[in-house]
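Asks: File upload38.txt below, compact mmCIF, C-alpha atoms:
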```txt
# COMPACT_ATOMS: atom_id res chain seq x y z
CA MET N 1 99.44 31.14 66.96
CA ASP N 2 99.79 30.42 63.25
CA ALA N 3 103.48 31.16 63.56
CA ILE N 4 103.83 28.67 66.41
CA ASN N 5 101.98 25.98 64.45
CA PHE N 6 104.20 26.62 61.46
CA VAL N 7 107.38 26.32 63.49
CA GLN N 8 106.18 23.14 65.18
CA GLU N 9 105.29 21.61 61.84
CA GLN N 10 108.76 22.35 60.52
CA LEU N 11 110.69 21.07 63.49
CA THR N 12 108.82 18.09 64.94
CA LYS N 13 109.56 14.74 63.43
CA LYS N 14 106.56 12.71 62.44
CA THR N 15 106.41 9.59 64.55
CA GLU N 16 103.99 6.76 64.06
CA PHE N 17 102.71 5.22 67.25
CA PRO N 18 99.69 2.98 67.70
CA ASP N 19 96.65 4.82 68.91
CA PHE N 20 96.35 4.54 72.68
CA ARG N 21 94.11 6.12 75.28
CA PRO N 22 94.01 6.63 79.05
CA GLY N 23 93.46 3.28 80.73
CA ASP N 24 95.52 1.32 78.23
CA ASN N 25 98.43 -0.80 79.37
CA VAL N 26 101.49 0.08 77.31
CA VAL N 27 105.20 -0.62 77.03
CA VAL N 28 107.37 2.37 76.16
CA ASN N 29 110.76 1.50 74.76
CA TYR N 30 112.97 4.41 75.72
CA ARG N 31 116.45 5.06 74.37
CA ILE N 32 119.01 5.71 77.07
CA ILE N 33 122.47 7.02 76.21
CA GLU N 34 125.20 5.97 78.64
CA GLY N 35 128.44 7.54 77.55
CA ALA N 36 128.94 6.29 74.01
CA LYS N 37 126.57 3.36 74.33
CA GLU N 38 122.89 3.46 73.60
CA ARG N 39 120.46 0.94 75.00
CA ILE N 40 116.72 0.58 75.15
CA GLN N 41 114.82 0.46 78.42
CA ALA N 42 111.27 -0.80 78.55
CA TYR N 43 108.79 0.92 80.83
CA ARG N 44 105.45 -0.81 81.28
CA GLY N 45 102.39 0.67 82.93
CA ASP N 46 98.94 2.18 82.57
CA VAL N 47 98.39 5.43 80.71
CA ILE N 48 96.65 7.72 83.19
CA GLN N 49 96.59 10.93 81.20
CA ILE N 50 97.25 12.43 77.80
CA LYS N 51 97.51 16.18 77.72
CA GLY N 52 98.63 19.06 75.51
CA ILE N 53 98.44 19.48 71.76
CA GLY N 54 100.88 19.44 68.89
CA ALA N 55 104.58 19.44 69.70
CA THR N 56 104.10 19.77 73.45
CA LYS N 57 101.73 16.82 73.89
CA THR N 58 102.66 14.48 76.74
CA PHE N 59 101.35 11.30 78.33
CA THR N 60 101.83 9.87 81.79
CA VAL N 61 102.41 6.18 82.48
CA ARG N 62 101.85 4.84 85.99
CA LYS N 63 103.10 1.55 87.34
CA ILE N 64 103.64 -0.10 90.69
CA SER N 65 107.31 -0.87 91.16
CA ASN N 66 108.22 -2.93 94.27
CA GLY N 67 105.03 -1.77 95.93
CA VAL N 68 105.71 1.90 95.21
CA GLY N 69 103.70 3.84 92.70
CA VAL N 70 105.87 5.33 89.92
CA GLU N 71 104.70 7.80 87.31
CA ARG N 72 106.66 8.87 84.29
CA ILE N 73 105.76 11.65 81.87
CA PHE N 74 106.81 11.19 78.24
CA PRO N 75 106.68 13.93 75.60
CA MET N 76 104.80 12.44 72.66
CA ASN N 77 107.36 13.80 70.17
CA SER N 78 110.47 12.86 72.13
CA PRO N 79 113.12 11.40 69.84
CA ALA N 80 114.14 9.11 72.71
CA ILE N 81 110.98 7.03 72.40
CA ALA N 82 111.83 4.10 70.16
CA GLU N 83 108.52 2.30 70.26
CA ILE N 84 105.19 2.19 72.04
CA LYS N 85 103.35 -1.10 72.28
CA VAL N 86 99.76 -1.39 73.47
CA LEU N 87 99.27 -4.56 75.50
CA LYS N 88 95.75 -4.13 76.85
CA ARG N 89 92.88 -1.81 76.16
CA GLY N 90 91.37 -0.57 79.40
CA LYS N 91 87.71 0.12 80.09
CA VAL N 92 87.63 3.46 81.89
CA ARG N 93 85.05 6.23 82.17
CA ARG N 94 87.22 9.31 82.37
CA ALA N 95 90.12 10.92 80.53
CA LYS N 96 92.37 11.51 83.56
CA LEU N 97 92.76 8.55 85.87
CA TYR N 98 94.12 10.41 88.89
CA TYR N 99 91.86 8.36 91.18
CA LEU N 100 94.23 5.42 90.72
CA ARG N 101 96.80 7.22 92.88
CA GLU N 102 94.68 6.74 95.96
CA LEU N 103 93.92 3.09 95.26
CA VAL N 104 96.14 0.11 96.05
CA GLY N 105 96.05 -3.59 95.35
CA LYS N 106 93.05 -5.13 93.67
CA LYS N 107 91.13 -1.85 93.63
CA ALA N 108 93.82 -0.23 91.49
CA ARG N 109 93.20 -2.53 88.55
CA ILE N 110 91.69 -1.37 85.28
CA ARG N 111 89.07 -3.57 83.64
CA GLU N 112 90.13 -4.77 80.23
CA LYS N 113 88.14 -4.09 77.09
CA LYS N 114 87.76 -7.50 75.56
CA PHE N 115 86.22 -6.42 72.30
CA VAL N 116 87.74 -3.41 70.65
CA LYS N 117 85.81 -1.74 67.87
CA VAL N 118 87.98 -1.62 64.80
CA THR N 119 87.98 1.88 63.34
CA LYS N 120 89.23 2.47 59.86
CA MET W 1 106.05 29.74 73.52
CA THR W 2 106.62 26.20 72.42
CA SER W 3 109.36 23.61 72.74
CA ILE W 4 111.57 21.69 70.37
CA PHE W 5 114.01 18.80 70.73
CA ASP W 6 117.71 19.22 69.99
CA GLU W 7 120.03 16.54 68.59
CA ALA W 8 120.73 15.16 72.06
CA GLY W 9 117.02 14.71 72.67
CA ASN W 10 116.68 17.54 75.18
CA SER W 11 113.48 19.52 75.16
CA ILE W 12 114.21 23.24 74.76
CA ALA W 13 111.64 25.90 75.62
CA CYS W 14 111.59 28.63 73.00
CA THR W 15 109.61 31.59 71.71
CA VAL W 16 108.52 32.28 68.15
CA VAL W 17 109.03 35.90 67.06
CA GLU W 18 107.76 37.39 63.83
CA ALA W 19 110.40 39.95 62.91
CA GLY W 20 109.67 41.46 59.58
CA PRO W 21 109.54 42.52 56.89
CA CYS W 22 110.45 45.93 58.27
CA VAL W 23 110.47 49.06 56.15
CA VAL W 24 113.04 51.82 56.47
CA THR W 25 110.94 54.90 57.22
CA GLN W 26 113.76 57.34 57.95
CA VAL W 27 117.53 57.46 57.63
CA LYS W 28 119.30 59.66 60.15
CA THR W 29 122.81 60.77 59.32
CA GLU W 30 125.62 62.62 61.06
CA ASP W 31 125.06 65.71 58.89
CA SER W 32 121.31 66.10 59.34
CA ASP W 33 120.73 64.75 62.85
CA GLY W 34 124.12 64.60 64.55
CA TYR W 35 124.08 60.80 64.79
CA THR W 36 123.44 57.83 62.55
CA ALA W 37 120.34 55.71 62.94
CA LEU W 38 117.77 53.80 60.97
CA GLN W 39 114.06 54.06 61.67
CA LEU W 40 112.12 50.88 60.92
CA GLY W 41 108.36 50.40 60.62
CA PHE W 42 106.62 47.08 61.27
CA SER W 43 103.08 45.64 61.12
CA ASP W 44 100.48 47.31 58.91
CA ALA W 45 98.04 49.77 60.49
CA LYS W 46 94.71 51.07 59.18
CA VAL W 47 94.79 54.45 57.47
CA LYS W 48 91.86 55.70 59.56
CA ASN W 49 93.76 54.95 62.77
CA THR W 50 96.88 56.82 61.69
CA SER W 51 97.31 60.55 62.24
CA LYS W 52 97.81 62.82 59.24
CA ALA W 53 101.25 63.76 60.50
CA LEU W 54 102.32 60.11 60.51
CA LEU W 55 100.65 59.47 57.13
CA GLY W 56 102.85 62.17 55.66
CA HIS W 57 105.86 60.56 57.28
CA PHE W 58 105.04 57.17 55.76
CA ASP W 59 104.35 58.80 52.37
CA LYS W 60 107.96 59.98 52.25
CA SER W 61 109.21 56.40 52.28
CA GLY W 62 106.36 55.25 50.05
CA THR W 63 104.94 52.62 52.41
CA THR W 64 101.61 51.81 53.99
CA PRO W 65 101.05 53.05 57.57
CA LYS W 66 102.74 50.94 60.25
CA LYS W 67 101.77 50.19 63.83
CA LYS W 68 105.26 50.35 65.25
CA VAL W 69 108.05 52.73 64.33
CA ILE W 70 111.32 52.14 66.12
CA GLU W 71 114.68 53.83 65.71
CA PHE W 72 117.85 51.74 65.82
CA ARG W 73 121.03 53.70 66.49
CA ASP W 74 124.18 52.93 64.50
CA PHE W 75 122.41 50.30 62.43
CA ASP W 76 125.33 49.14 60.29
CA VAL W 77 124.55 45.47 59.65
CA VAL W 78 123.16 46.22 56.20
CA GLU W 79 123.28 49.30 54.02
CA LYS W 80 119.71 50.49 53.48
CA GLY W 81 117.99 53.50 51.94
CA LEU W 82 114.60 55.08 52.48
CA GLY W 83 111.70 52.69 51.72
CA ASP W 84 113.87 49.56 51.56
CA LEU W 85 112.74 46.31 53.12
CA VAL W 86 114.78 44.76 55.93
CA THR W 87 114.32 41.02 56.27
CA VAL W 88 115.24 38.63 59.02
CA GLU W 89 118.10 36.78 57.34
CA GLU W 90 119.88 40.02 56.50
CA VAL W 91 120.24 40.96 60.15
CA PHE W 92 120.18 37.77 62.19
CA ALA W 93 121.87 34.42 61.88
CA GLU W 94 121.36 31.17 63.74
CA GLY W 95 123.46 31.03 66.89
CA ASP W 96 123.45 34.80 67.42
CA LEU W 97 122.81 36.20 70.88
CA VAL W 98 120.11 38.87 71.03
CA ASN W 99 118.43 41.05 73.64
CA ALA W 100 114.64 41.19 73.73
CA VAL W 101 112.95 44.37 74.94
CA GLY W 102 109.24 44.27 75.68
CA THR W 103 106.53 45.33 78.09
CA SER W 104 106.09 42.72 80.81
CA LYS W 105 102.70 41.30 81.71
CA GLY W 106 100.73 43.57 84.05
CA LYS W 107 100.10 41.92 87.41
CA GLY W 108 98.00 44.65 89.07
CA PHE W 109 98.44 45.84 92.66
CA GLN W 110 100.66 43.31 94.39
CA GLY W 111 102.14 42.92 97.84
CA VAL W 112 105.83 43.03 98.70
CA VAL W 113 106.30 39.25 98.60
CA LYS W 114 105.41 39.00 94.91
CA ARG W 115 106.64 42.47 93.94
CA HIS W 116 110.04 42.62 95.66
CA GLY W 117 110.65 39.04 96.72
CA PHE W 118 110.29 39.70 100.47
CA ARG W 119 110.14 36.45 102.36
CA GLY W 120 107.21 37.27 104.63
CA VAL W 121 106.87 35.52 107.96
CA ASN W 122 107.50 31.81 107.75
CA ASP W 123 105.62 30.97 110.94
CA ALA W 124 101.90 30.63 111.19
CA THR W 125 102.12 30.17 114.95
CA HIS W 126 104.33 31.72 117.70
CA GLY W 127 102.08 34.74 118.08
CA GLN W 128 101.65 35.46 114.40
CA HIS W 129 98.28 36.66 113.24
CA ASN W 130 97.51 37.97 109.74
CA ARG W 131 101.19 39.00 109.29
CA GLN W 132 102.36 36.22 106.94
CA ARG W 133 103.00 38.40 103.87
CA ALA W 134 103.44 41.80 105.56
CA PRO W 135 106.48 43.99 104.74
CA GLY W 136 107.66 44.46 108.37
CA SER W 137 109.33 47.67 109.51
CA ILE W 138 109.66 50.53 107.00
CA GLY W 139 112.09 52.57 109.10
CA ALA W 140 112.97 54.02 112.50
CA ALA W 141 110.82 56.47 114.56
CA SER W 142 111.61 60.05 115.67
CA TYR W 143 114.93 59.99 113.86
CA PRO W 144 114.73 60.19 110.79
CA ALA W 145 111.00 60.80 111.35
CA LYS W 146 110.23 59.96 107.75
CA VAL W 147 110.08 57.06 105.38
CA PHE W 148 112.99 57.13 102.96
CA LYS W 149 112.27 57.60 99.29
CA GLY W 150 112.39 54.43 97.27
CA MET W 151 111.32 52.25 100.23
CA ARG W 152 110.04 49.05 98.66
CA MET W 153 106.31 48.71 99.26
CA ALA W 154 103.23 47.16 97.68
CA GLY W 155 101.97 48.61 94.41
CA ARG W 156 101.42 48.18 90.70
CA THR W 157 103.52 45.31 89.41
CA GLY W 158 104.54 44.39 85.88
CA GLY W 159 103.56 46.24 82.73
CA LYS W 160 107.04 47.76 82.57
CA ARG W 161 109.72 47.88 79.91
CA ILE W 162 111.96 44.87 80.50
CA LYS W 163 115.06 43.75 78.67
CA THR W 164 116.07 40.10 78.64
CA ALA W 165 119.70 39.74 77.62
CA ASN W 166 121.63 37.13 75.64
CA LEU W 167 118.94 34.93 74.18
CA GLU W 168 120.21 32.46 71.61
CA ILE W 169 118.65 32.32 68.16
CA LEU W 170 117.92 28.65 67.53
CA LYS W 171 116.45 28.87 64.07
CA ILE W 172 115.41 31.30 61.37
CA PHE W 173 112.62 30.90 58.83
CA PRO W 174 113.45 33.49 56.13
CA ASP W 175 110.30 33.04 53.98
CA LYS W 176 108.01 33.76 56.92
CA ASN W 177 110.38 36.15 58.72
CA LEU W 178 110.17 34.06 61.86
CA ILE W 179 112.84 33.72 64.51
CA LEU W 180 112.97 30.97 67.10
CA VAL W 181 114.54 32.34 70.27
CA LYS W 182 115.65 30.15 73.17
CA GLY W 183 113.83 30.88 76.41
CA ALA W 184 111.13 33.35 77.39
CA ILE W 185 110.57 36.91 76.23
CA PRO W 186 108.89 39.69 78.26
CA GLY W 187 105.22 40.38 77.54
CA HIS W 188 102.07 38.53 76.69
CA LYS W 189 101.29 36.64 73.49
CA GLY W 190 101.03 38.83 70.41
CA SER W 191 102.76 41.83 71.97
CA PHE W 192 105.53 43.80 70.30
CA VAL W 193 109.16 43.29 71.23
CA ILE W 194 112.41 44.80 70.03
CA LEU W 195 115.22 42.38 69.19
CA GLU W 196 118.68 43.94 69.33
CA LYS W 197 121.96 42.34 68.52
```
Would you mind writing the structure in this file as structure tokens?
Replies:
Amino acid sequence: MDAINFVQEQLTKKTEFPDFRPGDNVVVNYRIIEGAKERIQAYRGDVIQIKGIGATKTFTVRKISNGVGVERIFPMNSPAIAEIKVLKRGKVRRAKLYYLRELVGKKARIREKKFVKVTK
Amino acid sequence: MTSIFDEAGNSIACTVVEAGPCVVTQVKTEDSDGYTALQLGFSDAKVKNTSKALLGHFDKSGTTPKKKVIEFRDFDVVEKGLGDLVTVEEVFAEGDLVNAVGTSKGKGFQGVVKRHGFRGVNDATHGQHNRQRAPGSIGAASYPAKVFKGMRMAGRTGGKRIKTANLEILKIFPDKNLILVKGAIPGHKGSFVILEK
């Protein structure tokens, strides 16, 4: 286990992202390489889970696109992620928001946290 | 196992292997043994858990007792004498292809579907009842009047010596004697494997 931690420390690039949690509404700016060109695609949705530790940590972002639910899993340490922006802090009571998959319309909204405690 | 990202941004599954330092515990030559080989010892063992016969063997090369002693035939990558240390960067380089030999994870008594990849019965209806994962016929009746040897049946699965061929070495950490190998290696975490080039 120590060996794995050592290797991960050596090979994963340190990336600074704002702290976000399940329930937050985020925009992920993702680098897409098309032939020789590189462009950035924005993906906006709610974070419904964060799982894993260290180099293999991932998070899932869910959004409703043209009435169809779409989920996308991003590795936290992926070099293709250019930026993560937190738009809204959600007020949720669990760490994995799988229950949103069964809900549609107004029920599938997440209440917003209006006052966020500033932690230093 | 863990995963890393390559330059193109692809996630690559890989295994971390601690491969050294190994001590040469015996040198076999054409004159004395009829073939050339190098015997390497790895991972320190307690003195009280080592037999006196083996202690004497380790004394000859002047090392502490080792848990694993493996002989490598025609080991000609580096010239080594008795008691010398063999380190990772002397033998392996990044980009090399290696074979990994280990004991696979024991799976206990398993049926033919898991053990031999039989397909089972794909129907739950049409007269089927408790036959979904059964092996089917194991042979004819009065001729040959026996079940042929080697007929694939249920039984103990896994826990066997398995060799995985042509794994690429992605990276080497010489100070810690660690090797990062692309893909999976037989066996559970912390088990011993042999890497051969």
Asks: I'd like the neighbourhood of range 121-133 of chain W as a compact mmCIF listing (two decimals) with C-alpha atoms, keeping the file's coordinate frame, where a residue qualifies if any of its atoms comes within 8 Å (using all atoms listed in the file), though same-chain residues fewer than 5 positions away should be ignored.
Replies:
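The new file out.txt reads:
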```txt
# COMPACT_ATOMS: atom_id res chain seq x y z
CA GLY W 111 102.14 42.92 97.84
CA VAL W 112 105.83 43.03 98.70
CA VAL W 113 106.30 39.25 98.60
```
Asks: Quick one: pull the distance between CA of Lys88 in chain N and CA of Gly52 in chain N, Å, one decimal.
Replies: 23.4 Å
Asks: Give me, as JSON lines, the closest atom pair and its distance (Å, one decimal) for every residue of chain N within a cut-off of 9 Å of chain W, counting only C-alpha atoms, rows sorted by chain and rising number.
Replies:
```
{"residue": "N:Met1", "atom": "CA", "partner": "W:Gly190", "partner_atom": "CA", "distance": 8.6}
{"residue": "N:Ala3", "atom": "CA", "partner": "W:Val16", "partner_atom": "CA", "distance": 6.9}
{"residue": "N:Ile4", "atom": "CA", "partner": "W:Val16", "partner_atom": "CA", "distance": 6.2}
{"residue": "N:Val7", "atom": "CA", "partner": "W:Val16", "partner_atom": "CA", "distance": 7.7}
{"residue": "N:Gln8", "atom": "CA", "partner": "W:Ile4", "partner_atom": "CA", "distance": 7.6}
{"residue": "N:Leu11", "atom": "CA", "partner": "W:Ile4", "partner_atom": "CA", "distance": 7.0}
{"residue": "N:Thr12", "atom": "CA", "partner": "W:Ile4", "partner_atom": "CA", "distance": 7.1}
{"residue": "N:Ala55", "atom": "CA", "partner": "W:Ser3", "partner_atom": "CA", "distance": 7.0}
{"residue": "N:Thr56", "atom": "CA", "partner": "W:Ser3", "partner_atom": "CA", "distance": 6.6}
{"residue": "N:Pro75", "atom": "CA", "partner": "W:Ser11", "partner_atom": "CA", "distance": 8.8}
{"residue": "N:Asn77", "atom": "CA", "partner": "W:Phe5", "partner_atom": "CA", "distance": 8.3}
{"residue": "N:Ser78", "atom": "CA", "partner": "W:Gly9", "partner_atom": "CA", "distance": 6.8}
{"residue": "N:Pro79", "atom": "CA", "partner": "W:Gly9", "partner_atom": "CA", "distance": 5.8}
{"residue": "N:Ala80", "atom": "CA", "partner": "W:Gly9", "partner_atom": "CA", "distance": 6.3}
```
Asks: Could you please take those selected residues and save C-alpha atoms as a tab-separated table (two decimals), in the frame of the given file?
Replies:
```
chain	number	residue	atom	x	y	z
N	1	MET	CA	99.44	31.14	66.96
N	3	ALA	CA	103.48	31.16	63.56
N	4	ILE	CA	103.83	28.67	66.41
N	7	VAL	CA	107.38	26.32	63.49
N	8	GLN	CA	106.18	23.14	65.18
N	11	LEU	CA	110.69	21.07	63.49
N	12	THR	CA	108.82	18.09	64.94
N	55	ALA	CA	104.58	19.44	69.70
N	56	THR	CA	104.10	19.77	73.45
N	75	PRO	CA	106.68	13.93	75.60
N	77	ASN	CA	107.36	13.80	70.17
N	78	SER	CA	110.47	12.86	72.13
N	79	PRO	CA	113.12	11.40	69.84
N	80	ALA	CA	114.14	9.11	72.71
```
Asks: Pick from W:Thr157, W:Thr103, W:Thr64, W:Ser142: nearest to Lys46 in chain W, with all atoms listed in the file counted?
Replies: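 Under the stated criterion, the closest residue is W:Thr64.
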Asks: So the first atom is CA of Met76 in chain N and the second is CA of Thr60 in chain N; what is the distance between them in Å, to one decimal place?
Replies: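 Spanning CA of Met76 in chain N to CA of Thr60 in chain N is a straight-line distance of 9.9 Å.
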Asks: Please report the interatomic distance between CA of Ser61 in chain W and CA of Gly41 in chain W in Å with one decimal.
Replies: 10.3 Å
Asks: List as a list in words the residues having at least one atom at most 12 Å from position (87.4, -4.7, 81.4) as given in the file, counting all atoms listed in the file.
Replies: Gly23, Asp24, Asn25, Lys88, Arg89, Gly90, Lys91, Val92, Arg93, Arg109, Ile110, Arg111, Glu112, Lys113, Lys114, Phe115 and Val116 of chain N
Asks: Find the spatial neighbours of Val77 in chain W, counting all atoms listed in the file, within a cut-off of 12 Å - ignore same-chain residues fewer than 3 positions away - and output them as a PyMOL selection string.
Replies: chain W and resi 37-38+72-74+80+86-93+196-197
Asks: N, CA, C and O atoms for range 71-93 of chain N, written as a PDB file, in the frame of the given file, could you do that?
Replies:
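What ended up in part.pdb:
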```pdb
ATOM      1  N   GLU N  71     105.299   7.196  88.499  1.00  0.00           N
ATOM      2  CA  GLU N  71     104.700   7.800  87.310  1.00  0.00           C
ATOM      3  C   GLU N  71     105.783   8.440  86.470  1.00  0.00           C
ATOM      4  O   GLU N  71     106.706   9.058  86.991  1.00  0.00           O
ATOM      5  N   ARG N  72     105.651   8.294  85.171  1.00  0.00           N
ATOM      6  CA  ARG N  72     106.660   8.870  84.290  1.00  0.00           C
ATOM      7  C   ARG N  72     105.941   9.601  83.164  1.00  0.00           C
ATOM      8  O   ARG N  72     105.007   9.061  82.574  1.00  0.00           O
ATOM      9  N   ILE N  73     106.375  10.831  82.911  1.00  0.00           N
ATOM     10  CA  ILE N  73     105.760  11.650  81.870  1.00  0.00           C
ATOM     11  C   ILE N  73     106.637  11.613  80.628  1.00  0.00           C
ATOM     12  O   ILE N  73     107.841  11.887  80.698  1.00  0.00           O
ATOM     13  N   PHE N  74     106.064  11.235  79.503  1.00  0.00           N
ATOM     14  CA  PHE N  74     106.810  11.190  78.240  1.00  0.00           C
ATOM     15  C   PHE N  74     106.272  12.263  77.297  1.00  0.00           C
ATOM     16  O   PHE N  74     105.061  12.336  77.094  1.00  0.00           O
ATOM     17  N   PRO N  75     107.143  13.079  76.694  1.00  0.00           N
ATOM     18  CA  PRO N  75     106.680  13.930  75.600  1.00  0.00           C
ATOM     19  C   PRO N  75     106.374  13.048  74.390  1.00  0.00           C
ATOM     20  O   PRO N  75     107.162  12.160  74.059  1.00  0.00           O
ATOM     21  N   MET N  76     105.223  13.289  73.770  1.00  0.00           N
ATOM     22  CA  MET N  76     104.800  12.440  72.660  1.00  0.00           C
ATOM     23  C   MET N  76     105.807  12.483  71.513  1.00  0.00           C
ATOM     24  O   MET N  76     105.988  11.504  70.802  1.00  0.00           O
ATOM     25  N   ASN N  77     106.466  13.650  71.313  1.00  0.00           N
ATOM     26  CA  ASN N  77     107.360  13.800  70.170  1.00  0.00           C
ATOM     27  C   ASN N  77     108.824  13.605  70.531  1.00  0.00           C
ATOM     28  O   ASN N  77     109.703  13.998  69.759  1.00  0.00           O
ATOM     29  N   SER N  78     109.083  13.050  71.713  1.00  0.00           N
ATOM     30  CA  SER N  78     110.470  12.860  72.130  1.00  0.00           C
ATOM     31  C   SER N  78     111.189  11.906  71.187  1.00  0.00           C
ATOM     32  O   SER N  78     110.691  10.814  70.904  1.00  0.00           O
ATOM     33  N   PRO N  79     112.372  12.305  70.697  1.00  0.00           N
ATOM     34  CA  PRO N  79     113.120  11.400  69.840  1.00  0.00           C
ATOM     35  C   PRO N  79     113.660  10.185  70.590  1.00  0.00           C
ATOM     36  O   PRO N  79     114.111   9.224  69.966  1.00  0.00           O
ATOM     37  N   ALA N  80     113.610  10.220  71.924  1.00  0.00           N
ATOM     38  CA  ALA N  80     114.140   9.110  72.710  1.00  0.00           C
ATOM     39  C   ALA N  80     113.171   7.932  72.769  1.00  0.00           C
ATOM     40  O   ALA N  80     113.549   6.841  73.181  1.00  0.00           O
ATOM     41  N   ILE N  81     111.929   8.140  72.388  1.00  0.00           N
ATOM     42  CA  ILE N  81     110.980   7.030  72.400  1.00  0.00           C
ATOM     43  C   ILE N  81     111.174   6.210  71.129  1.00  0.00           C
ATOM     44  O   ILE N  81     110.987   6.699  70.016  1.00  0.00           O
ATOM     45  N   ALA N  82     111.592   4.949  71.319  1.00  0.00           N
ATOM     46  CA  ALA N  82     111.830   4.100  70.160  1.00  0.00           C
ATOM     47  C   ALA N  82     110.547   3.463  69.682  1.00  0.00           C
ATOM     48  O   ALA N  82     110.299   3.344  68.489  1.00  0.00           O
ATOM     49  N   GLU N  83     109.719   3.037  70.632  1.00  0.00           N
ATOM     50  CA  GLU N  83     108.520   2.300  70.260  1.00  0.00           C
ATOM     51  C   GLU N  83     107.518   2.337  71.398  1.00  0.00           C
ATOM     52  O   GLU N  83     107.886   2.389  72.569  1.00  0.00           O
ATOM     53  N   ILE N  84     106.245   2.339  71.045  1.00  0.00           N
ATOM     54  CA  ILE N  84     105.190   2.190  72.040  1.00  0.00           C
ATOM     55  C   ILE N  84     104.343   0.999  71.630  1.00  0.00           C
ATOM     56  O   ILE N  84     103.902   0.917  70.487  1.00  0.00           O
ATOM     57  N   LYS N  85     104.181   0.055  72.575  1.00  0.00           N
ATOM     58  CA  LYS N  85     103.350  -1.100  72.280  1.00  0.00           C
ATOM     59  C   LYS N  85     102.143  -1.098  73.213  1.00  0.00           C
ATOM     60  O   LYS N  85     102.298  -0.872  74.414  1.00  0.00           O
ATOM     61  N   VAL N  86     100.969  -1.320  72.655  1.00  0.00           N
ATOM     62  CA  VAL N  86      99.760  -1.390  73.470  1.00  0.00           C
ATOM     63  C   VAL N  86      99.504  -2.860  73.797  1.00  0.00           C
ATOM     64  O   VAL N  86      99.373  -3.687  72.899  1.00  0.00           O
ATOM     65  N   LEU N  87      99.477  -3.179  75.096  1.00  0.00           N
ATOM     66  CA  LEU N  87      99.270  -4.560  75.500  1.00  0.00           C
ATOM     67  C   LEU N  87      97.817  -4.857  75.798  1.00  0.00           C
ATOM     68  O   LEU N  87      97.311  -5.921  75.462  1.00  0.00           O
ATOM     69  N   LYS N  88      97.148  -3.923  76.483  1.00  0.00           N
ATOM     70  CA  LYS N  88      95.750  -4.130  76.850  1.00  0.00           C
ATOM     71  C   LYS N  88      94.992  -2.845  76.660  1.00  0.00           C
ATOM     72  O   LYS N  88      95.538  -1.752  76.903  1.00  0.00           O
ATOM     73  N   ARG N  89      93.759  -2.975  76.229  1.00  0.00           N
ATOM     74  CA  ARG N  89      92.880  -1.810  76.160  1.00  0.00           C
ATOM     75  C   ARG N  89      92.071  -1.766  77.444  1.00  0.00           C
ATOM     76  O   ARG N  89      91.430  -2.763  77.815  1.00  0.00           O
ATOM     77  N   GLY N  90      92.091  -0.660  78.138  1.00  0.00           N
ATOM     78  CA  GLY N  90      91.370  -0.570  79.400  1.00  0.00           C
ATOM     79  C   GLY N  90      89.979   0.009  79.225  1.00  0.00           C
ATOM     80  O   GLY N  90      89.724   0.796  78.325  1.00  0.00           O
ATOM     81  N   LYS N  91      89.060  -0.422  80.120  1.00  0.00           N
ATOM     82  CA  LYS N  91      87.710   0.120  80.090  1.00  0.00           C
ATOM     83  C   LYS N  91      87.602   1.137  81.216  1.00  0.00           C
ATOM     84  O   LYS N  91      87.526   0.767  82.391  1.00  0.00           O
ATOM     85  N   VAL N  92      87.673   2.392  80.882  1.00  0.00           N
ATOM     86  CA  VAL N  92      87.630   3.460  81.890  1.00  0.00           C
ATOM     87  C   VAL N  92      86.594   4.491  81.477  1.00  0.00           C
ATOM     88  O   VAL N  92      86.205   4.573  80.311  1.00  0.00           O
ATOM     89  N   ARG N  93      86.148   5.302  82.446  1.00  0.00           N
ATOM     90  CA  ARG N  93      85.050   6.230  82.170  1.00  0.00           C
ATOM     91  C   ARG N  93      85.485   7.676  82.236  1.00  0.00           C
ATOM     92  O   ARG N  93      84.671   8.583  82.195  1.00  0.00           O
TER      93      ARG N  93
END
```
